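Text of the file input-v5.tsv, holding TSV, C-alpha atoms:
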```tsv
chain	number	residue	atom	x	y	z
A	1	MET	CA	-35.14	9.52	28.97
A	2	LYS	CA	-32.36	7.02	29.66
A	3	GLN	CA	-30.32	6.09	26.59
A	4	GLU	CA	-30.09	2.39	25.79
A	5	PHE	CA	-26.61	0.88	25.83
A	6	THR	CA	-25.85	-1.15	22.69
A	7	LEU	CA	-23.07	-3.37	21.31
A	8	GLU	CA	-22.12	-0.53	18.97
A	9	LEU	CA	-21.56	1.79	21.95
A	10	ALA	CA	-19.53	-0.91	23.70
A	11	GLN	CA	-17.32	-1.31	20.63
A	12	GLN	CA	-16.77	2.44	20.39
A	13	LEU	CA	-15.75	2.60	24.05
A	14	HIS	CA	-13.65	-0.57	23.91
A	15	ASP	CA	-11.54	0.77	21.02
A	16	SER	CA	-11.12	4.28	22.44
A	17	ASN	CA	-9.07	6.06	25.07
A	18	GLN	CA	-11.90	8.41	25.96
A	19	ILE	CA	-13.57	9.12	29.30
A	20	VAL	CA	-17.26	8.74	30.04
A	21	ASP	CA	-19.61	11.31	31.54
A	22	PHE	CA	-20.65	10.09	34.99
A	23	GLU	CA	-24.03	11.82	34.59
A	24	TRP	CA	-24.81	9.38	31.77
A	25	ALA	CA	-22.93	6.40	33.23
A	26	TRP	CA	-24.78	5.98	36.52
A	27	GLN	CA	-28.15	5.91	34.74
A	28	VAL	CA	-27.22	3.54	31.93
A	29	LEU	CA	-25.51	1.16	34.40
A	30	GLY	CA	-28.78	0.73	36.28
A	31	TYR	CA	-28.04	2.59	39.53
A	32	SER	CA	-31.25	3.76	41.18
A	33	ARG	CA	-29.76	6.98	42.59
A	34	LYS	CA	-26.91	9.23	41.57
A	35	ASP	CA	-25.64	9.72	45.12
A	36	SER	CA	-25.49	5.92	45.59
A	37	ALA	CA	-23.46	5.56	42.38
A	38	LYS	CA	-21.12	8.37	43.51
A	39	ARG	CA	-20.52	6.70	46.89
A	40	THR	CA	-19.55	3.49	45.07
A	41	LEU	CA	-17.24	5.44	42.80
A	42	VAL	CA	-15.46	7.26	45.63
A	43	SER	CA	-15.22	4.12	47.78
A	44	TYR	CA	-13.78	1.72	45.22
A	45	PHE	CA	-11.91	3.87	42.72
A	46	GLU	CA	-9.06	6.35	42.76
A	47	ARG	CA	-9.48	9.97	41.69
A	48	ASP	CA	-7.27	11.19	38.81
A	49	LEU	CA	-6.60	7.56	37.90
A	50	ASP	CA	-9.95	5.81	37.50
A	51	TYR	CA	-12.08	8.96	37.34
A	52	PHE	CA	-11.56	12.70	36.94
A	53	VAL	CA	-13.38	15.66	38.44
A	54	GLN	CA	-13.76	18.85	36.44
A	55	PRO	CA	-14.43	21.96	38.57
A	56	PRO	CA	-17.02	24.43	37.21
A	57	GLU	CA	-14.36	27.00	36.30
A	58	GLU	CA	-12.13	24.47	34.47
A	59	SER	CA	-12.28	23.95	30.70
A	60	PRO	CA	-12.80	20.39	29.35
A	61	GLU	CA	-9.51	20.79	27.43
A	62	ALA	CA	-7.68	20.51	30.77
A	63	LEU	CA	-8.78	16.88	31.16
A	64	PRO	CA	-6.19	14.17	30.32
A	65	HIS	CA	-8.44	12.44	27.74
A	66	ASP	CA	-11.09	13.31	25.19
A	67	ILE	CA	-14.68	12.99	26.33
A	68	PHE	CA	-16.94	10.29	24.95
A	69	HIS	CA	-19.81	12.50	23.78
A	70	ILE	CA	-23.22	11.35	24.96
A	71	GLU	CA	-26.29	13.52	25.10
A	72	VAL	CA	-27.12	13.71	28.83
A	73	GLU	CA	-30.17	15.34	30.35
A	74	ASN	CA	-29.24	16.84	33.73
A	75	SER	CA	-31.39	15.74	36.65
A	76	LYS	CA	-31.31	19.31	38.03
A	77	LEU	CA	-31.70	22.63	36.34
A	78	GLY	CA	-28.58	24.64	35.74
A	79	ARG	CA	-24.98	23.56	35.52
A	80	PRO	CA	-23.80	21.05	38.17
A	81	ALA	CA	-21.18	22.14	40.66
A	82	GLU	CA	-18.70	19.68	39.17
A	83	LYS	CA	-18.45	17.23	36.30
A	84	ILE	CA	-17.17	13.69	36.81
A	85	TYR	CA	-15.72	11.49	34.07
A	86	LEU	CA	-14.87	7.78	34.25
A	87	THR	CA	-12.26	5.81	32.37
A	88	VAL	CA	-13.66	2.96	30.28
A	89	GLU	CA	-12.26	0.37	32.71
A	90	CYS	CA	-13.83	2.21	35.63
A	91	PHE	CA	-17.14	2.34	33.73
A	92	LYS	CA	-17.05	-1.45	33.21
A	93	GLU	CA	-16.18	-2.16	36.84
A	94	MET	CA	-18.93	0.19	38.02
A	95	GLY	CA	-21.32	-2.01	36.03
A	96	MET	CA	-20.09	-5.09	37.88
A	97	LEU	CA	-20.60	-3.40	41.23
A	98	ALA	CA	-24.10	-2.22	40.31
A	99	LYS	CA	-25.47	-5.79	40.30
A	100	SER	CA	-28.24	-4.59	37.99
A	101	GLU	CA	-29.62	-6.18	34.84
A	102	GLU	CA	-28.23	-3.25	32.87
A	103	GLY	CA	-24.78	-3.85	34.34
A	104	LYS	CA	-24.93	-7.56	33.43
A	105	GLN	CA	-25.91	-6.73	29.86
A	106	ILE	CA	-23.11	-4.18	29.53
A	107	ARG	CA	-20.57	-6.69	30.83
A	108	LYS	CA	-21.72	-9.16	28.15
A	109	TYR	CA	-21.28	-6.46	25.51
A	110	PHE	CA	-17.72	-5.75	26.60
A	111	LEU	CA	-16.88	-9.46	26.76
A	112	THR	CA	-18.12	-9.73	23.17
A	113	CYS	CA	-15.88	-6.81	22.18
A	114	GLU	CA	-12.87	-8.47	23.81
A	115	ALA	CA	-13.59	-11.76	22.00
A	116	ILE	CA	-13.81	-9.90	18.67
A	117	ALA	CA	-10.52	-8.13	19.41
A	118	LYS	CA	-8.76	-11.42	20.25
A	119	GLN	CA	-10.02	-13.05	17.06
A	120	SER	CA	-8.79	-10.04	15.08
A	121	VAL	CA	-5.32	-10.33	16.63
A	122	LYS	CA	-5.17	-14.04	15.79
A	123	ALA	CA	-6.15	-13.30	12.18
A	124	ILE	CA	-3.39	-10.71	11.65
A	125	PRO	CA	-0.55	-13.22	10.87
A	126	GLN	CA	-2.78	-15.07	8.41
A	127	LEU	CA	-3.76	-11.81	6.72
A	128	LEU	CA	-0.11	-10.74	6.50
A	129	GLU	CA	0.89	-14.10	4.99
A	130	LYS	CA	-1.94	-13.85	2.47
A	131	PHE	CA	-0.91	-10.29	1.63
A	132	GLU	CA	2.71	-11.38	1.08
A	133	GLN	CA	1.58	-14.26	-1.15
A	134	GLN	CA	-0.50	-11.86	-3.23
A	135	ASN	CA	2.50	-9.53	-3.53
A	136	ARG	CA	4.68	-12.40	-4.72
A	137	VAL	CA	2.08	-13.39	-7.32
A	138	ILE	CA	1.82	-9.77	-8.51
A	139	GLU	CA	5.63	-9.50	-8.79
A	140	GLU	CA	5.82	-12.76	-10.76
A	141	GLN	CA	3.04	-11.61	-13.06
A	142	GLY	CA	4.85	-8.28	-13.54
A	143	ARG	CA	8.08	-10.06	-14.50
A	144	ALA	CA	6.18	-12.35	-16.89
A	145	ILE	CA	4.46	-9.38	-18.52
A	146	ALA	CA	7.76	-7.51	-18.88
A	147	GLU	CA	9.40	-10.57	-20.46
A	148	LEU	CA	6.44	-11.02	-22.81
A	149	GLN	CA	6.59	-7.37	-23.83
A	150	SER	CA	10.32	-7.72	-24.51
A	151	GLN	CA	9.70	-10.79	-26.67
A	152	ILE	CA	6.95	-9.00	-28.59
A	153	GLN	CA	9.23	-6.03	-29.21
A	154	ASN	CA	11.92	-8.35	-30.56
A	155	LEU	CA	9.42	-9.94	-32.95
A	156	LEU	CA	8.13	-6.62	-34.27
A	157	PRO	CA	10.05	-5.04	-37.17
A	158	ILE	CA	12.13	-2.01	-36.25
A	159	SER	CA	10.74	1.21	-37.69
A	160	SER	CA	12.77	2.93	-40.37
A	161	ASP	CA	13.23	6.10	-38.30
A	162	PHE	CA	14.37	4.27	-35.14
A	163	MET	CA	17.83	5.36	-33.88
A	164	PRO	CA	19.43	3.06	-31.26
A	165	PRO	CA	20.42	4.71	-27.95
A	166	GLY	CA	23.87	6.24	-27.66
A	167	TRP	CA	24.17	7.53	-31.21
A	168	ASP	CA	24.73	11.15	-32.16
A	169	ALA	CA	21.90	12.21	-34.46
A	170	ASP	CA	24.21	13.85	-37.02
A	171	VAL	CA	26.50	10.81	-37.15
A	172	TRP	CA	23.52	8.47	-37.46
A	173	GLU	CA	22.04	10.41	-40.36
A	174	LYS	CA	25.29	10.15	-42.33
A	175	LEU	CA	25.38	6.33	-42.08
A	176	PRO	CA	24.39	4.34	-45.19
A	177	PRO	CA	21.08	2.45	-44.90
A	178	GLN	CA	22.84	-0.93	-44.68
A	179	ASP	CA	24.97	0.29	-41.75
A	180	LYS	CA	21.88	1.56	-39.97
A	181	ARG	CA	20.22	-1.84	-40.36
A	182	HIS	CA	23.37	-3.54	-39.13
A	183	PHE	CA	23.61	-1.40	-35.99
A	184	LYS	CA	19.86	-1.76	-35.35
A	185	TYR	CA	20.32	-5.50	-35.50
A	186	LEU	CA	23.28	-5.37	-33.11
A	187	TYR	CA	21.30	-3.24	-30.67
A	188	ARG	CA	18.30	-5.55	-30.71
A	189	SER	CA	20.20	-8.85	-30.61
A	190	ARG	CA	23.11	-7.93	-28.30
A	191	GLY	CA	22.34	-4.50	-26.84
A	192	PHE	CA	25.17	-2.79	-28.73
A	193	CYS	CA	25.52	0.97	-28.26
A	194	PRO	CA	28.45	3.25	-29.16
A	195	GLY	CA	30.97	3.20	-26.33
A	196	ASN	CA	29.93	-0.14	-24.81
A	197	GLU	CA	31.67	-2.43	-27.27
A	198	ALA	CA	33.39	-4.21	-24.39
A	199	LYS	CA	30.03	-5.21	-22.96
A	200	VAL	CA	28.85	-6.86	-26.17
A	201	LYS	CA	29.22	-10.61	-25.91
A	202	LEU	CA	30.37	-12.44	-29.03
A	203	LEU	CA	28.20	-15.33	-30.04
A	204	PRO	CA	29.68	-18.85	-29.74
A	205	ASP	CA	30.69	-20.58	-32.96
A	206	ALA	CA	27.68	-22.84	-32.69
A	207	ASN	CA	25.36	-19.82	-32.88
A	208	ARG	CA	27.07	-17.99	-35.72
A	209	ALA	CA	25.33	-20.09	-38.34
A	210	SER	CA	21.94	-19.19	-36.87
A	211	GLN	CA	23.01	-15.53	-36.83
A	212	ARG	CA	23.94	-15.68	-40.51
A	213	ALA	CA	20.63	-17.35	-41.27
A	214	GLU	CA	18.80	-14.59	-39.39
A	215	ILE	CA	20.73	-11.90	-41.29
A	216	GLU	CA	19.86	-13.62	-44.58
A	217	HIS	CA	16.25	-13.72	-43.49
A	218	LEU	CA	16.36	-10.00	-42.72
A	219	MET	CA	17.99	-9.33	-46.09
A	220	ASN	CA	15.14	-11.11	-47.82
A	221	ASP	CA	12.83	-8.45	-46.42
A	222	VAL	CA	14.94	-5.62	-47.85
A	223	PRO	CA	13.47	-3.93	-50.95
A	224	GLU	CA	15.13	-4.83	-54.24
A	225	GLU	CA	16.36	-1.27	-54.77
A	226	GLU	CA	18.27	-1.33	-51.49
A	227	LYS	CA	19.73	-4.73	-52.30
A	228	GLN	CA	21.14	-3.29	-55.49
A	229	LEU	CA	22.61	-0.37	-53.53
A	230	ILE	CA	24.22	-2.80	-51.10
A	231	GLU	CA	25.75	-4.83	-53.95
A	232	THR	CA	27.01	-1.64	-55.59
A	233	ALA	CA	28.58	-0.54	-52.30
A	234	LYS	CA	30.25	-3.93	-51.95
A	235	ARG	CA	31.72	-3.76	-55.45
A	236	PHE	CA	32.88	-0.20	-54.88
A	237	ALA	CA	34.57	-1.20	-51.60
A	238	LEU	CA	36.22	-4.20	-53.28
A	239	GLN	CA	37.53	-2.07	-56.19
A	240	ARG	CA	38.87	0.52	-53.75
A	241	PHE	CA	40.54	-2.17	-51.67
A	242	CYS	CA	42.19	-3.68	-54.78
A	243	ALA	CA	43.39	-0.26	-56.01
A	244	GLU	CA	44.97	0.55	-52.64
A	245	THR	CA	46.78	-2.78	-52.46
```

Can you give me the file's structure in the form of structure tokens?
Amino acid sequence: MKQEFTLELAQQLHDSNQIVDFEWAWQVLGYSRKDSAKRTLVSYFERDLDYFVQPPEESPEALPHDIFHIEVENSKLGRPAEKIYLTVECFKEMGMLAKSEEGKQIRKYFLTCEAIAKQSVKAIPQLLEKFEQQNRVIEEQGRAIAELQSQIQNLLPISSDFMPPGWDADVWEKLPPQDKRHFKYLYRSRGFCPGNEAKVKLLPDANRASQRAEIEHLMNDVPEEEKQLIETAKRFALQRFCAET
């Protein structure tokens, strides 16, 4: 039973570099006789360029292309003396030479495939531009999210056990609570870490008042007991300074 050629088969062949079994091709192209189709093939096409002949003793792996697999029922019993395979272009041109209704239909299928391929090529620049626009939007959203996360982190209170980067744990533990708060503030507001003092930018005079106000605001959140410790430390430092001078 002759297999019907479809648009799906045409698309598979159009997008491939495979070769087609002549035993299947001459029937589906509408040739009335195999020997007539073979005479057309030999007369108009070049062996080892448009079609390939596989001797009985040769393995299919020796052919220059993969075979487009189609279930073919041999017209004669037993294995044929040779197998012939057509390139896709040769298969299409054989359809034109057949002057059959099947050949006309197959030509229409391949023309449809070529039109689809051309439309796809035209759409590639638009798809690339759209892809780049989407990437730019994603990058902008990522930057906005990162900035928002940074702002949220600056608004959240620093945990009591937080140690800014760059500090030795033993040194940090020996610092008084007020010093720890001070260095936490410097890290959050100006990125201060031990060893990068030169990178810390001093605030302009116009911003110092706002800094003092912020420090006073932070001090208002300090427990009363710690405030008393801070005042005691200040008095102790002042007495020590006066005694030394």

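Picture a line from CA of Phe183 (chain A) to CA of Val171 (chain A); it runs 12.6 Å.
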
Quiz prompt | For Val20 (chain A), the nearest of the candidates A:Ser120, A:Gln178, A:Asn135, A:Thr87, counting all atoms listed in the file | solution = A:Thr87

Practice problem: Grab the CA of Ala169 (chain A) to CA of Arg181 (chain A) distance for me, in Å with one decimal place. | Solution: 15.3 Å

Quiz prompt | Residues near Val88 (chain A), cut-off 10 Å, all atoms listed in the file, skip fewer than 2 positions along chain, as a PyMOL selection string | solution = chain A and resi 10+13-20+50-51+68+85-86+90-94

Now that the selection is made, can you save its residues with C-alpha atoms as a PDB file, in the frame of the given file?
```
ATOM      1  CA  ALA A  10     -19.530  -0.910  23.700  1.00  0.00           C
ATOM      2  CA  LEU A  13     -15.750   2.600  24.050  1.00  0.00           C
ATOM      3  CA  HIS A  14     -13.650  -0.570  23.910  1.00  0.00           C
ATOM      4  CA  ASP A  15     -11.540   0.770  21.020  1.00  0.00           C
ATOM      5  CA  SER A  16     -11.120   4.280  22.440  1.00  0.00           C
ATOM      6  CA  ASN A  17      -9.070   6.060  25.070  1.00  0.00           C
ATOM      7  CA  GLN A  18     -11.900   8.410  25.960  1.00  0.00           C
ATOM      8  CA  ILE A  19     -13.570   9.120  29.300  1.00  0.00           C
ATOM      9  CA  VAL A  20     -17.260   8.740  30.040  1.00  0.00           C
ATOM     10  CA  ASP A  50      -9.950   5.810  37.500  1.00  0.00           C
ATOM     11  CA  TYR A  51     -12.080   8.960  37.340  1.00  0.00           C
ATOM     12  CA  PHE A  68     -16.940  10.290  24.950  1.00  0.00           C
ATOM     13  CA  TYR A  85     -15.720  11.490  34.070  1.00  0.00           C
ATOM     14  CA  LEU A  86     -14.870   7.780  34.250  1.00  0.00           C
ATOM     15  CA  CYS A  90     -13.830   2.210  35.630  1.00  0.00           C
ATOM     16  CA  PHE A  91     -17.140   2.340  33.730  1.00  0.00           C
ATOM     17  CA  LYS A  92     -17.050  -1.450  33.210  1.00  0.00           C
ATOM     18  CA  GLU A  93     -16.180  -2.160  36.840  1.00  0.00           C
ATOM     19  CA  MET A  94     -18.930   0.190  38.020  1.00  0.00           C
TER      20      MET A  94
END
```

Quiz item: Any idea what the distance is between CA of Gly103 (chain A) and CA of Ile84 (chain A)?
Solution: 19.3 Å

Practice problem: Taking the point (-25.9, -4.4, 30.3) as given in the file, collect each protein or nucleic acid residue that comes within 10 Å of it, counting all atoms listed in the file, and present the set as a list of chain:residue names. | Solution: A:Glu4, A:Phe5, A:Thr6, A:Leu7, A:Ala10, A:Val28, A:Leu29, A:Gly30, A:Lys92, A:Gly95, A:Met96, A:Ser100, A:Glu101, A:Glu102, A:Gly103, A:Lys104, A:Gln105, A:Ile106, A:Arg107, A:Lys108, A:Tyr109, A:Phe110

Practice problem: Pick out the closest residue to Lys38 (chain A) from this set: A:Glu57, A:Cys113, A:Ile145, A:Ala98. Count only C-alpha atoms. | Solution: A:Ala98
